[in-house]
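File shown here: coords.tsv, holding TSV, C-alpha atoms and all ligand atoms.
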chain	number	residue	atom	x	y	z
F	1	MET	CA	-6.66	20.13	129.47
F	2	LYS	CA	-4.92	16.86	128.73
F	3	VAL	CA	-6.23	13.27	128.66
F	4	TYR	CA	-4.18	10.11	128.96
F	5	LEU	CA	-5.75	7.40	126.83
F	6	SER	CA	-4.67	4.10	125.36
F	7	LYS	CA	-5.67	2.70	121.99
F	8	ARG	CA	-7.96	-0.36	122.13
F	9	ALA	CA	-8.37	-0.26	125.94
F	10	PRO	CA	-12.08	-0.03	126.82
F	11	ASN	CA	-12.11	2.46	129.71
F	12	PRO	CA	-10.06	5.12	127.88
F	13	ARG	CA	-12.22	4.49	124.82
F	14	ARG	CA	-15.25	5.80	126.74
F	15	VAL	CA	-13.47	9.13	127.12
F	16	ALA	CA	-12.42	9.18	123.45
F	17	TRP	CA	-16.03	8.43	122.44
F	18	VAL	CA	-17.42	11.25	124.59
F	19	LEU	CA	-14.89	13.67	123.10
F	20	ALA	CA	-15.98	12.55	119.62
F	21	GLU	CA	-19.71	12.93	120.38
F	22	LYS	CA	-18.98	16.44	121.68
F	23	GLY	CA	-16.75	17.35	118.74
F	24	ALA	CA	-14.19	18.55	121.31
F	25	SER	CA	-10.97	18.93	119.38
F	26	ASP	CA	-9.08	21.25	121.75
F	27	VAL	CA	-8.14	18.57	124.28
F	28	GLU	CA	-4.56	17.29	124.21
F	29	ILE	CA	-4.46	13.50	123.94
F	30	VAL	CA	-1.50	11.51	125.25
F	31	ASP	CA	-1.40	7.90	124.08
F	32	VAL	CA	-0.16	5.50	126.75
F	33	ASP	CA	1.07	2.06	125.66
F	34	LEU	CA	-0.14	-0.31	128.37
F	35	LEU	CA	1.55	-3.37	126.91
F	36	LYS	CA	4.88	-1.55	127.15
F	37	GLY	CA	4.07	-0.57	130.75
F	38	GLU	CA	4.08	3.18	130.09
F	39	HIS	CA	1.42	3.60	132.80
F	40	LYS	CA	3.81	2.19	135.38
F	41	THR	CA	6.69	4.61	134.80
F	42	GLU	CA	7.79	6.96	137.55
F	43	ASP	CA	6.74	10.01	135.51
F	44	PHE	CA	3.23	8.66	134.85
F	45	LEU	CA	2.69	7.68	138.49
F	46	LYS	CA	3.97	11.05	139.68
F	47	THR	CA	1.44	12.85	137.47
F	48	VAL	CA	-1.56	10.53	137.64
F	49	GLY	CA	-1.13	8.78	140.99
F	50	VAL	CA	-2.36	5.33	139.87
F	51	PRO	CA	-1.19	2.95	137.12
F	52	ASN	CA	-4.43	3.26	135.15
F	53	VAL	CA	-5.86	5.01	132.14
F	54	PRO	CA	-7.89	7.05	131.43
F	55	ALA	CA	-6.77	10.12	133.37
F	56	LEU	CA	-7.56	13.77	132.81
F	57	GLN	CA	-5.34	16.66	133.84
F	58	MET	CA	-7.15	19.98	134.15
F	59	ASP	CA	-5.49	23.28	133.28
F	60	ASP	CA	-4.94	23.96	136.99
F	61	ALA	CA	-3.11	20.59	137.22
F	62	VAL	CA	-5.86	18.74	139.15
F	63	VAL	CA	-5.90	15.14	137.90
F	64	ILE	CA	-8.93	12.87	137.86
F	65	THR	CA	-9.07	9.20	137.02
F	66	GLU	CA	-12.14	6.92	136.70
F	67	SER	CA	-13.60	6.99	133.23
F	68	ILE	CA	-17.14	7.97	134.26
F	69	ALA	CA	-15.90	10.87	136.42
F	70	ILE	CA	-13.85	12.08	133.46
F	71	CYS	CA	-16.79	11.73	131.06
F	72	ARG	CA	-19.04	13.61	133.48
F	73	TYR	CA	-16.48	16.42	133.72
F	74	LEU	CA	-16.27	16.60	129.91
F	75	ASP	CA	-20.08	16.65	129.71
F	76	ALA	CA	-20.08	19.71	131.98
F	77	CYS	CA	-17.30	21.42	129.98
F	78	TYR	CA	-18.91	20.65	126.59
F	79	PRO	CA	-22.68	20.62	127.29
F	80	GLU	CA	-23.85	19.64	123.78
F	81	PRO	CA	-25.00	17.02	123.10
F	82	ASP	CA	-25.96	16.14	126.66
F	83	LEU	CA	-24.84	12.61	127.62
F	84	PHE	CA	-25.66	12.56	131.36
F	85	GLY	CA	-29.22	13.95	131.49
F	86	ARG	CA	-30.62	17.32	132.49
F	87	THR	CA	-33.78	16.91	134.58
F	88	PRO	CA	-33.60	15.20	137.99
F	89	GLU	CA	-35.59	12.25	136.62
F	90	GLU	CA	-33.44	11.91	133.54
F	91	VAL	CA	-30.22	12.10	135.57
F	92	ALA	CA	-31.46	9.37	137.93
F	93	VAL	CA	-32.72	7.02	135.21
F	94	LEU	CA	-29.53	7.51	133.26
F	95	GLU	CA	-27.34	6.84	136.30
F	96	MET	CA	-29.30	3.65	137.00
F	97	TRP	CA	-28.78	2.30	133.48
F	98	THR	CA	-25.13	3.35	133.43
F	99	ARG	CA	-24.48	1.40	136.65
F	100	ARG	CA	-26.33	-1.60	135.22
F	101	ALA	CA	-24.36	-1.36	131.98
F	102	GLU	CA	-21.15	-1.20	133.99
F	103	MET	CA	-21.88	-3.97	136.50
F	104	TRP	CA	-23.85	-6.41	134.35
F	105	LEU	CA	-22.13	-5.99	131.00
F	106	ALA	CA	-18.98	-3.88	130.73
F	107	THR	CA	-17.07	-5.15	133.78
F	108	PRO	CA	-17.88	-8.85	133.27
F	109	LEU	CA	-17.05	-8.58	129.57
F	110	MET	CA	-13.75	-6.81	130.30
F	111	LEU	CA	-12.84	-9.53	132.82
F	112	THR	CA	-13.76	-12.21	130.29
F	113	VAL	CA	-11.24	-10.75	127.85
F	114	ARG	CA	-8.55	-9.94	130.42
F	115	HIS	CA	-8.63	-13.49	131.78
F	116	SER	CA	-8.67	-15.27	128.43
F	117	HIS	CA	-6.88	-13.33	125.69
F	118	PRO	CA	-3.19	-14.23	125.35
F	119	ALA	CA	-2.19	-10.61	124.55
F	120	LEU	CA	-3.42	-9.51	127.99
F	121	ALA	CA	-1.41	-12.05	129.97
F	122	VAL	CA	1.15	-9.29	130.45
F	123	LEU	CA	-1.40	-7.28	132.46
F	124	GLU	CA	-3.29	-10.03	134.30
F	125	GLN	CA	-2.62	-13.28	136.12
F	126	GLN	CA	-5.18	-15.08	134.00
F	127	SER	CA	-7.76	-17.56	135.27
F	128	PRO	CA	-9.98	-19.43	132.77
F	129	GLU	CA	-12.55	-19.88	135.56
F	130	VAL	CA	-12.81	-16.12	136.15
F	131	ALA	CA	-13.22	-15.64	132.39
F	132	GLU	CA	-16.03	-18.18	132.16
F	133	ASN	CA	-17.87	-16.94	135.27
F	134	ASN	CA	-17.85	-13.41	133.91
F	135	ARG	CA	-18.94	-14.53	130.46
F	136	ALA	CA	-21.91	-16.21	132.17
F	137	ILE	CA	-22.78	-13.05	134.16
F	138	ALA	CA	-22.84	-10.95	130.97
F	139	THR	CA	-24.83	-13.59	129.08
F	140	ARG	CA	-27.46	-13.73	131.84
F	141	SER	CA	-27.90	-9.94	131.62
F	142	LEU	CA	-28.59	-9.75	127.91
F	143	GLY	CA	-32.35	-10.31	128.27
F	144	ILE	CA	-32.75	-7.25	130.53
F	145	PHE	CA	-31.09	-4.97	127.98
F	146	ASP	CA	-32.90	-6.56	125.03
F	147	ARG	CA	-36.26	-5.98	126.74
F	148	ARG	CA	-35.32	-2.40	127.60
F	149	LEU	CA	-34.29	-1.76	124.00
F	150	SER	CA	-37.65	-3.02	122.79
F	151	GLU	CA	-39.09	0.07	124.54
F	152	SER	CA	-36.58	2.80	123.74
F	153	ALA	CA	-34.14	3.62	120.96
F	154	PHE	CA	-31.15	3.72	123.32
F	155	ILE	CA	-30.60	2.18	126.75
F	156	ALA	CA	-31.56	5.00	129.11
F	157	ARG	CA	-33.76	7.12	126.82
F	158	ASP	CA	-34.50	7.75	123.14
F	159	THR	CA	-31.19	9.51	122.51
F	160	ILE	CA	-27.66	8.31	123.13
F	161	SER	CA	-26.22	8.65	126.63
F	162	ILE	CA	-23.19	7.52	128.59
F	163	ALA	CA	-25.03	4.24	129.37
F	164	ASP	CA	-24.90	3.31	125.66
F	165	ILE	CA	-21.23	4.21	125.39
F	166	VAL	CA	-20.35	2.03	128.41
F	167	ALA	CA	-22.38	-0.94	127.17
F	168	PHE	CA	-21.34	-0.78	123.51
F	169	ILE	CA	-17.63	-0.49	124.26
F	170	GLY	CA	-17.99	-3.50	126.58
F	171	PHE	CA	-19.55	-5.57	123.78
F	172	ASP	CA	-17.04	-4.39	121.21
F	173	PHE	CA	-14.07	-5.23	123.45
F	174	ALA	CA	-15.58	-8.66	124.14
F	175	ARG	CA	-15.24	-9.58	120.47
F	176	MET	CA	-11.64	-10.37	121.50
F	177	ALA	CA	-13.11	-13.25	123.53
F	178	LYS	CA	-15.48	-14.20	120.67
F	179	PHE	CA	-18.48	-12.89	122.60
F	180	ALA	CA	-21.27	-11.87	120.22
F	181	ILE	CA	-24.82	-10.63	120.79
F	182	PRO	CA	-26.92	-13.71	119.96
F	183	ASP	CA	-29.55	-13.80	117.20
F	184	ASP	CA	-32.37	-14.17	119.73
F	185	LYS	CA	-31.69	-10.63	121.04
F	186	PRO	CA	-32.91	-8.54	118.06
F	187	HIS	CA	-33.33	-5.27	119.96
F	188	LEU	CA	-29.77	-5.40	121.27
F	189	GLN	CA	-28.59	-6.18	117.76
F	190	ARG	CA	-30.51	-3.22	116.29
F	191	TRP	CA	-29.03	-0.95	118.97
F	192	ALA	CA	-25.47	-2.26	118.43
F	193	ASP	CA	-25.83	-1.58	114.67
F	194	SER	CA	-26.92	1.98	115.41
F	195	MET	CA	-23.95	2.50	117.78
F	196	ARG	CA	-21.60	1.07	115.15
F	197	SER	CA	-22.90	3.52	112.56
F	198	ARG	CA	-22.30	6.63	114.70
F	199	ALA	CA	-19.67	9.11	113.59
F	200	ALA	CA	-17.47	8.28	116.60
F	201	ALA	CA	-17.30	4.58	115.68
F	202	GLN	CA	-16.92	5.33	111.98
F	203	ALA	CA	-14.01	7.66	112.77
F	204	GLY	CA	-12.25	4.76	114.46
F	205	VAL	CA	-12.80	5.75	118.10
L	301	LIG	N1	-12.27	2.15	137.01
L	301	LIG	C1	-11.33	2.60	136.11
L	301	LIG	C2	-10.65	1.41	135.46
L	301	LIG	C3	-9.48	1.82	134.67
L	301	LIG	C4	-8.77	0.62	134.08
L	301	LIG	O1	-8.85	-0.52	134.58
L	301	LIG	N2	-8.06	0.88	133.00
L	301	LIG	C5	-7.30	-0.15	132.38
L	301	LIG	C6	-7.39	0.00	130.85
L	301	LIG	S1	-9.03	-0.36	130.27
L	301	LIG	C7	-5.85	0.00	132.79
L	301	LIG	O2	-5.38	1.10	132.96
L	301	LIG	N3	-5.15	-1.11	132.95
L	301	LIG	C8	-3.78	-1.12	133.32
L	301	LIG	C9	-3.36	-2.44	133.90
L	301	LIG	O3	-4.17	-3.35	133.94
L	301	LIG	O4	-2.17	-2.55	134.26
L	301	LIG	C10	-11.99	3.50	135.08
L	301	LIG	O5	-13.13	3.23	134.68
L	301	LIG	O6	-11.37	4.47	134.69
What does this structure look like when you write it as structure tokens?
Ligand SMILES: N[C@@H](CCC(=O)N[C@@H](CS)C(=O)NCC(=O)O)C(=O)O
Amino acid sequence: MKVYLSKRAPNPRRVAWVLAEKGASDVEIVDVDLLKGEHKTEDFLKTVGVPNVPALQMDDAVVITESIAICRYLDACYPEPDLFGRTPEEVAVLEMWTRRAEMWLATPLMLTVRHSHPALAVLEQQSPEVAENNRAIATRSLGIFDRRLSESAFIARDTISIADIVAFIGFDFARMAKFAIPDDKPHLQRWADSMRSRAAAQAGV
């Protein structure tokens, strides 16, 4: 199988992180330079169908996009360690926190960066107002995650899951917009330190 990723872009980074957690080294990685518009070429669009990364091409040529769908597929192909849950309860709780991480943190933080960082003006018609509104949405959500992390080691359970990967990559990307977890959120800070010290992060994923 082959994955189309792009260095520094947050959604492809989720896929790279999952591959690293799984120790899956037999997947071909194609680096796509978004700033050069490589995702908008005729060849890319013919293969992938949409001008977005990540994308995964299976050995039978089926292509899937959407980072969480790709990560879920990889979780099924490489079952250890499990990142999506096994029991019905675990799967449901994990899905809930992953959606919250996506809607309340990752997406608003990505929009904050896309609408404010000069390097991304090539990809986005930037609006300072959109950036600030999204920064406020993410800021308002911090308390929910801090409280949750006062009860469990990671967001959805006591071991890492896709919810942590989505949230952490959102925070890390948001450093480009000078967004930092504030000092009055100690549980989030403890969690972010533990994500930063994982092998995937240390290996530069
Ligand atoms: N919902 C998609 C979003 C994918 C997405 O927006 N990817 C960005 C990179 S993080 C992209 O390809 N951007 C290209 C562009 O903005 O032209 C997913 O999670 O896979």
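For F:Gly23, the set of protein, DNA and RNA residues having any atom at most 10 Å away, when counting only C-alpha atoms and skipping those fewer than 6 positions along the same chain, is Trp17, Tyr78, Glu80, Pro81 and Ala200 of chain F.
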- Message: Please compute the atom CA of F:Ile165-atom CA of F:Arg14 distance, one decimal, in Å.
- Response: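 According to the coordinates, atom CA of F:Ile165 and atom CA of F:Arg14 are separated by 6.3 Å.
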- Task: Counting all atoms listed in the file, name the residues that have an atom within 9 Å of an atom of ligand LIG 301 (chain L); the answer should be given as a ChimeraX atom specification.
- Result: /F:5-6,8-14,34-35,37,39-40,50-55,65-70,110,114,120,122-124
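Going from atom CA of F:Val3 over to atom CA of F:Glu28, you cover 6.2 Å.
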- Compare F:Gly85, F:Pro108, F:Gly204, F:Pro79 by their minimum atom-to-atom distance to F:Ser141, counting only C-alpha atoms, and give me the closest one.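 Answer, going by the shortest atom-to-atom distance: F:Pro108.
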- Message: Set the distance at 12 Å and use only C-alpha atoms: which residues neighbour F:Pro182 once local chain neighbours fewer than 3 positions away are removed? I'd like the list as a PyMOL selection string.
- Response: chain F and resi 139-140+142-143+146+171+178-179+185-190+192
- Could you tell me which of F:Glu21, F:Glu38, F:Asp31, F:Asp164 comes closest to F:Glu102 if we count only C-alpha atoms?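 Nearest to F:Glu102: F:Asp164.
The residue that comes closest to F:Asn133, out of F:Ala76, F:Ile169, F:Ala156, F:Leu109 and on the basis of all atoms listed in the file, is F:Leu109.
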- Task: Name the residues in contact with F:Val62 at a cut-off of 10 Å, using only C-alpha atoms, excluding same-chain residues fewer than 6 positions from it; report them as a ChimeraX atom specification.
- Result: /F:1,47-48,56
- What is the distance, in Å and to one decimal place, between atom CA of F:Ala106 and atom CA of F:Leu19? 19.6 Å
- Message: With distances taken over only C-alpha atoms, which residue among F:Ala153, F:Leu83, F:Val63, F:Ala138 lies nearest F:Thr98?
- Response: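 Using only C-alpha atoms, F:Thr98 sits closest to F:Leu83.
Across F:Ala174, F:Ala163, F:Leu149, F:Phe44, the tightest approach to F:Ala131 is made by F:Ala174 when counting all atoms listed in the file.
In this comparison, which uses all atoms listed in the file, the residue of F:Arg147, F:Leu111, F:Cys77, F:Ser25 approaching F:Gly170 most closely is F:Leu111.
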- Anything within 9 Å of (-30.7, 12.4, 123.8): list those residues as JSON, numbers by chain, counting only C-alpha atoms and sticking to the file's coordinates. {"F": [81, 82, 83, 85, 154, 157, 158, 159, 160, 161]}
